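The file entry.pdb comes next; it holds PDB, C-alpha atoms, pLDDT in the B column.
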MODEL        1
ATOM      1  CA  MET M   1     -95.984 -63.224 -64.136  1.00 67.00           C
ATOM      2  CA  LYS M   2     -99.364 -63.827 -65.773  1.00 72.00           C
ATOM      3  CA  ASN M   3    -102.454 -61.928 -64.671  1.00 78.00           C
ATOM      4  CA  GLY M   4    -100.669 -60.881 -61.498  1.00 78.00           C
ATOM      5  CA  ARG M   5     -99.995 -64.505 -60.544  1.00 88.00           C
ATOM      6  CA  THR M   6     -96.527 -65.953 -60.144  1.00 91.00           C
ATOM      7  CA  GLU M   7     -95.437 -69.066 -62.015  1.00 93.00           C
ATOM      8  CA  GLY M   8     -92.344 -70.076 -60.022  1.00 91.00           C
ATOM      9  CA  GLY M   9     -93.792 -73.193 -58.402  1.00 91.00           C
ATOM     10  CA  SER M  10     -95.265 -74.458 -61.661  1.00 93.00           C
ATOM     11  CA  LEU M  11     -92.040 -73.747 -63.551  1.00 93.00           C
ATOM     12  CA  ILE M  12     -89.938 -75.545 -60.919  1.00 94.00           C
ATOM     13  CA  SER M  13     -92.241 -78.590 -61.152  1.00 93.00           C
ATOM     14  CA  GLN M  14     -92.031 -78.640 -64.937  1.00 95.00           C
ATOM     15  CA  ILE M  15     -88.252 -78.189 -64.881  1.00 94.00           C
ATOM     16  CA  HIS M  16     -87.999 -81.073 -62.415  1.00 92.00           C
ATOM     17  CA  GLN M  17     -90.010 -83.408 -64.656  1.00 94.00           C
ATOM     18  CA  VAL M  18     -88.201 -82.519 -67.894  1.00 94.00           C
ATOM     19  CA  CYS M  19     -84.752 -82.528 -66.294  1.00 92.00           C
ATOM     20  CA  GLN M  20     -85.373 -85.970 -64.790  1.00 90.00           C
ATOM     21  CA  ARG M  21     -86.099 -87.348 -68.263  1.00 93.00           C
ATOM     22  CA  VAL M  22     -83.067 -85.601 -69.790  1.00 93.00           C
ATOM     23  CA  TRP M  23     -80.808 -86.700 -66.900  1.00 91.00           C
ATOM     24  CA  HIS M  24     -81.981 -90.293 -67.303  1.00 92.00           C
ATOM     25  CA  ALA M  25     -81.096 -90.151 -71.025  1.00 93.00           C
ATOM     26  CA  VAL M  26     -77.677 -88.650 -70.239  1.00 93.00           C
ATOM     27  CA  LEU M  27     -77.037 -91.357 -67.637  1.00 93.00           C
ATOM     28  CA  SER M  28     -78.103 -94.072 -70.077  1.00 93.00           C
ATOM     29  CA  ARG M  29     -75.794 -92.737 -72.808  1.00 92.00           C
ATOM     30  CA  ASN M  30     -72.936 -92.896 -70.324  1.00 92.00           C
ATOM     31  CA  GLY M  31     -73.692 -96.374 -68.941  1.00 91.00           C
ATOM     32  CA  LEU M  32     -74.897 -95.016 -65.600  1.00 92.00           C
ATOM     33  CA  GLU M  33     -78.499 -96.246 -65.519  1.00 89.00           C
ATOM     34  CA  ASP M  34     -78.104 -97.475 -61.929  1.00 86.00           C
ATOM     35  CA  LEU M  35     -77.732 -93.848 -60.824  1.00 88.00           C
ATOM     36  CA  ALA M  36     -81.081 -92.723 -62.222  1.00 87.00           C
ATOM     37  CA  GLY M  37     -83.644 -91.090 -59.963  1.00 86.00           C
ATOM     38  CA  ALA M  38     -83.352 -91.018 -56.213  1.00 90.00           C
ATOM     39  CA  ARG M  39     -80.813 -93.873 -56.226  1.00 92.00           C
ATOM     40  CA  GLY M  40     -78.293 -91.495 -57.731  1.00 91.00           C
ATOM     41  CA  ARG M  41     -79.071 -88.808 -55.164  1.00 92.00           C
ATOM     42  CA  VAL M  42     -78.330 -91.284 -52.382  1.00 95.00           C
ATOM     43  CA  ILE M  43     -75.084 -92.508 -53.975  1.00 94.00           C
ATOM     44  CA  PHE M  44     -73.947 -88.926 -54.699  1.00 92.00           C
ATOM     45  CA  ALA M  45     -74.656 -87.951 -51.086  1.00 95.00           C
ATOM     46  CA  LEU M  46     -72.659 -90.951 -49.843  1.00 96.00           C
ATOM     47  CA  TRP M  47     -69.734 -89.957 -52.075  1.00 94.00           C
ATOM     48  CA  ASN M  48     -69.577 -86.695 -50.146  1.00 92.00           C
ATOM     49  CA  GLU M  49     -69.887 -88.396 -46.765  1.00 92.00           C
ATOM     50  CA  ASP M  50     -69.976 -92.152 -46.218  1.00 91.00           C
ATOM     51  CA  LYS M  51     -70.974 -94.019 -43.044  1.00 93.00           C
ATOM     52  CA  ILE M  52     -73.782 -91.656 -42.080  1.00 94.00           C
ATOM     53  CA  PRO M  53     -77.048 -92.093 -40.222  1.00 94.00           C
ATOM     54  CA  ILE M  54     -80.249 -92.333 -42.213  1.00 92.00           C
ATOM     55  CA  LYS M  55     -81.426 -89.100 -40.566  1.00 91.00           C
ATOM     56  CA  LYS M  56     -78.472 -87.209 -42.057  1.00 94.00           C
ATOM     57  CA  LEU M  57     -79.041 -88.851 -45.441  1.00 95.00           C
ATOM     58  CA  VAL M  58     -82.642 -87.584 -45.317  1.00 93.00           C
ATOM     59  CA  GLU M  59     -81.258 -84.053 -44.909  1.00 91.00           C
ATOM     60  CA  LYS M  60     -78.678 -84.434 -47.677  1.00 93.00           C
ATOM     61  CA  THR M  61     -81.121 -85.855 -50.248  1.00 93.00           C
ATOM     62  CA  SER M  62     -84.342 -84.066 -49.202  1.00 90.00           C
ATOM     63  CA  LEU M  63     -86.113 -87.421 -49.457  1.00 93.00           C
ATOM     64  CA  ASP M  64     -88.586 -88.373 -46.755  1.00 91.00           C
ATOM     65  CA  LYS M  65     -87.541 -91.204 -44.458  1.00 91.00           C
ATOM     66  CA  ALA M  66     -90.034 -93.745 -45.840  1.00 93.00           C
ATOM     67  CA  THR M  67     -88.937 -93.135 -49.446  1.00 94.00           C
ATOM     68  CA  LEU M  68     -85.273 -93.181 -48.482  1.00 95.00           C
ATOM     69  CA  THR M  69     -85.686 -96.454 -46.591  1.00 94.00           C
ATOM     70  CA  GLY M  70     -87.142 -98.116 -49.702  1.00 95.00           C
ATOM     71  CA  ILE M  71     -84.311 -96.812 -51.859  1.00 96.00           C
ATOM     72  CA  ILE M  72     -81.713 -98.001 -49.358  1.00 96.00           C
ATOM     73  CA  ASP M  73     -83.423-101.424 -49.320  1.00 96.00           C
ATOM     74  CA  ARG M  74     -83.005-101.668 -53.101  1.00 95.00           C
ATOM     75  CA  LEU M  75     -79.442-100.310 -53.068  1.00 96.00           C
ATOM     76  CA  GLU M  76     -78.584-102.867 -50.387  1.00 96.00           C
ATOM     77  CA  ARG M  77     -80.232-105.660 -52.407  1.00 96.00           C
ATOM     78  CA  ASP M  78     -78.170-104.609 -55.451  1.00 94.00           C
ATOM     79  CA  GLY M  79     -74.914-104.540 -53.466  1.00 95.00           C
ATOM     80  CA  TYR M  80     -74.247-100.776 -53.377  1.00 95.00           C
ATOM     81  CA  VAL M  81     -74.731-100.127 -49.652  1.00 97.00           C
ATOM     82  CA  PHE M  82     -75.016-101.923 -46.342  1.00 96.00           C
ATOM     83  CA  ARG M  83     -76.341-100.944 -42.933  1.00 96.00           C
ATOM     84  CA  GLU M  84     -74.846-101.255 -39.491  1.00 95.00           C
ATOM     85  CA  PRO M  85     -76.040-100.087 -36.103  1.00 93.00           C
ATOM     86  CA  SER M  86     -74.280 -96.957 -34.919  1.00 91.00           C
ATOM     87  CA  PRO M  87     -71.742 -97.711 -32.178  1.00 92.00           C
ATOM     88  CA  ASP M  88     -72.510 -94.290 -30.645  1.00 89.00           C
ATOM     89  CA  ASP M  89     -76.316 -94.312 -30.799  1.00 88.00           C
ATOM     90  CA  LYS M  90     -78.150 -97.625 -30.554  1.00 85.00           C
ATOM     91  CA  ARG M  91     -81.265 -96.050 -32.140  1.00 88.00           C
ATOM     92  CA  ALA M  92     -79.385 -94.977 -35.279  1.00 89.00           C
ATOM     93  CA  THR M  93     -78.445 -97.020 -38.315  1.00 92.00           C
ATOM     94  CA  LEU M  94     -75.417 -96.040 -40.404  1.00 95.00           C
ATOM     95  CA  ILE M  95     -75.345 -96.387 -44.179  1.00 96.00           C
ATOM     96  CA  PHE M  96     -72.074 -97.478 -45.779  1.00 96.00           C
ATOM     97  CA  ARG M  97     -71.027 -97.726 -49.420  1.00 96.00           C
ATOM     98  CA  THR M  98     -69.751-101.155 -50.468  1.00 96.00           C
ATOM     99  CA  GLY M  99     -67.447 -99.800 -53.164  1.00 94.00           C
ATOM    100  CA  LYS M 100     -69.468-101.293 -56.023  1.00 94.00           C
ATOM    101  CA  ASP M 101     -70.324 -97.715 -57.033  1.00 92.00           C
ATOM    102  CA  GLU M 102     -66.648 -96.815 -57.619  1.00 91.00           C
ATOM    103  CA  VAL M 103     -66.937 -97.743 -61.305  1.00 89.00           C
ATOM    104  CA  PHE M 104     -69.352 -94.827 -61.729  1.00 90.00           C
ATOM    105  CA  LYS M 105     -66.986 -92.176 -60.376  1.00 87.00           C
ATOM    106  CA  LYS M 106     -64.966 -91.984 -63.590  1.00 88.00           C
ATOM    107  CA  LYS M 107     -68.060 -91.634 -65.774  1.00 91.00           C
ATOM    108  CA  VAL M 108     -70.112 -89.217 -63.670  1.00 91.00           C
ATOM    109  CA  PRO M 109     -68.098 -86.036 -64.375  1.00 91.00           C
ATOM    110  CA  LYS M 110     -68.675 -86.420 -68.137  1.00 93.00           C
ATOM    111  CA  ALA M 111     -72.413 -87.019 -67.653  1.00 93.00           C
ATOM    112  CA  SER M 112     -72.648 -84.136 -65.190  1.00 92.00           C
ATOM    113  CA  ASP M 113     -70.809 -81.785 -67.565  1.00 95.00           C
ATOM    114  CA  GLU M 114     -73.166 -82.825 -70.369  1.00 94.00           C
ATOM    115  CA  GLN M 115     -76.228 -82.134 -68.210  1.00 93.00           C
ATOM    116  CA  ASN M 116     -74.852 -78.790 -67.021  1.00 94.00           C
ATOM    117  CA  ALA M 117     -74.113 -77.718 -70.605  1.00 95.00           C
ATOM    118  CA  LEU M 118     -77.737 -78.430 -71.510  1.00 94.00           C
ATOM    119  CA  PHE M 119     -79.125 -76.836 -68.359  1.00 93.00           C
ATOM    120  CA  TYR M 120     -77.089 -73.625 -68.438  1.00 97.00           C
ATOM    121  CA  LYS M 121     -76.969 -73.081 -72.223  1.00 97.00           C
ATOM    122  CA  GLY M 122     -76.905 -69.333 -72.875  1.00 98.00           C
ATOM    123  CA  PHE M 123     -76.257 -68.364 -69.228  1.00 98.00           C
ATOM    124  CA  SER M 124     -73.307 -66.215 -68.167  1.00 98.00           C
ATOM    125  CA  LYS M 125     -71.276 -67.218 -65.105  1.00 97.00           C
ATOM    126  CA  LYS M 126     -72.891 -64.361 -63.179  1.00 98.00           C
ATOM    127  CA  GLU M 127     -76.389 -65.479 -64.208  1.00 98.00           C
ATOM    128  CA  ILE M 128     -75.615 -69.035 -63.096  1.00 97.00           C
ATOM    129  CA  GLN M 129     -74.354 -67.805 -59.730  1.00 98.00           C
ATOM    130  CA  ASP M 130     -77.384 -65.538 -59.209  1.00 98.00           C
ATOM    131  CA  PHE M 131     -79.806 -68.262 -60.315  1.00 96.00           C
ATOM    132  CA  GLU M 132     -78.310 -70.841 -57.951  1.00 96.00           C
ATOM    133  CA  ASN M 133     -78.409 -68.356 -55.073  1.00 97.00           C
ATOM    134  CA  TYR M 134     -82.107 -67.731 -55.734  1.00 96.00           C
ATOM    135  CA  LEU M 135     -82.782 -71.460 -55.863  1.00 94.00           C
ATOM    136  CA  LYS M 136     -80.967 -71.950 -52.534  1.00 95.00           C
ATOM    137  CA  ARG M 137     -83.191 -69.288 -50.994  1.00 96.00           C
ATOM    138  CA  VAL M 138     -86.343 -70.933 -52.376  1.00 94.00           C
ATOM    139  CA  LEU M 139     -85.160 -74.318 -51.087  1.00 91.00           C
ATOM    140  CA  GLN M 140     -84.457 -72.900 -47.628  1.00 93.00           C
ATOM    141  CA  ASN M 141     -87.869 -71.209 -47.562  1.00 94.00           C
ATOM    142  CA  CYS M 142     -89.506 -74.534 -48.406  1.00 92.00           C
ATOM    143  CA  LYS M 143     -87.466 -76.386 -45.763  1.00 88.00           C
ATOM    144  CA  ASP M 144     -88.413 -73.775 -43.165  1.00 93.00           C
ATOM    145  CA  ALA M 145     -92.076 -74.162 -44.091  1.00 94.00           C
ATOM    146  CA  GLU M 146     -91.806 -77.955 -43.882  1.00 89.00           C
ATOM    147  CA  GLU M 147     -90.375 -77.727 -40.363  1.00 89.00           C
ATOM    148  CA  SER M 148     -93.366 -75.702 -39.220  1.00 92.00           C
ATOM    149  CA  LEU M 149     -95.888 -78.269 -40.479  1.00 88.00           C
TER     150      LEU M 149
ENDMDL
END

Go ahead and express the file in the form of structure tokens.
Amino acid sequence: MKNGRTEGGSLISQIHQVCQRVWHAVLSRNGLEDLAGARGRVIFALWNEDKIPIKKLVEKTSLDKATLTGIIDRLERDGYVFREPSPDDKRATLIFRTGKDEVFKKKVPKASDEQNALFYKGFSKKEIQDFENYLKRVLQNCKDAEESL
């Protein structure tokens, strides 16, 4: 805290910017350039649950719908995903993986471990757990605030 003012928001923004650059370098070193940026967030979310509505993908990635739609357009163009109307809800569109992303699954754990080693250097397991719990609380606070806008 400087002069009675908190720095959390500024620090989170700076961490986000630096970590994006480091993550991109880690991905590049591991031949995973196609997973850089928000594209990777979408693919990672689909690895956890495939064949989901865009609305649910918005929740899983924290991307706004307009941004997500553009990313899905590019992923579809590049052969990673396709869309189909939901058989249960005519207003919903489901996003499916094509399987082209399967080649990344073997390489991602190594890249992720490398990033985590950089990110958590000098942290104990307890510190990591506490830190992630605090971040989850901050994220939930921000999501709650967004809902009230």

So that all listed atoms of range 26-45 of chain M fit with 3 Å spare on each side, what axis-aligned box centre and edge lengths in Å, to one decimal, would you give as AutoDock Vina command-line options?
--center_x -78.3 --center_y -92.7 --center_z -61.9 --size_x 16.7 --size_y 15.5 --size_z 27.7

Quiz item: Residues picked by the PyMOL selection byres ((chain M and resi 70-76) around 10) here, as a ChimeraX atom specification?
Solution: /M:34,37-40,42-43,54,63,65-69,77-83,95-98

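Restricting the calculation to only C-alpha atoms, the smallest distance between Gln140 in chain M and any of M:Glu59, M:Asp64, M:Phe44, M:Gln17 is found for M:Glu59.
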
Could you give me, as a CSV table (one decimal) with C-alpha atoms, in the frame of the given file, the residues that have an atom at most 12 Å away from the point (-87.0, -83.6, -59.3) in the coordinates of the file, using all atoms listed in the file?
chain,number,residue,atom,x,y,z
M,11,LEU,CA,-92.0,-73.7,-63.6
M,12,ILE,CA,-89.9,-75.5,-60.9
M,13,SER,CA,-92.2,-78.6,-61.2
M,14,GLN,CA,-92.0,-78.6,-64.9
M,15,ILE,CA,-88.3,-78.2,-64.9
M,16,HIS,CA,-88.0,-81.1,-62.4
M,17,GLN,CA,-90.0,-83.4,-64.7
M,18,VAL,CA,-88.2,-82.5,-67.9
M,19,CYS,CA,-84.8,-82.5,-66.3
M,20,GLN,CA,-85.4,-86.0,-64.8
M,21,ARG,CA,-86.1,-87.3,-68.3
M,22,VAL,CA,-83.1,-85.6,-69.8
M,23,TRP,CA,-80.8,-86.7,-66.9
M,24,HIS,CA,-82.0,-90.3,-67.3
M,36,ALA,CA,-81.1,-92.7,-62.2
M,37,GLY,CA,-83.6,-91.1,-60.0
M,38,ALA,CA,-83.4,-91.0,-56.2
M,40,GLY,CA,-78.3,-91.5,-57.7
M,41,ARG,CA,-79.1,-88.8,-55.2
M,61,THR,CA,-81.1,-85.9,-50.2
M,62,SER,CA,-84.3,-84.1,-49.2
M,63,LEU,CA,-86.1,-87.4,-49.5

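If you look at CA of Pro53 in chain M and CA of Ala92 in chain M, they are 6.2 Å away from each other.
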
Quiz item: So what do you get for CA of Gln115 in chain M versus CA of Ser28 in chain M, distance-wise?
Solution: 12.2 Å
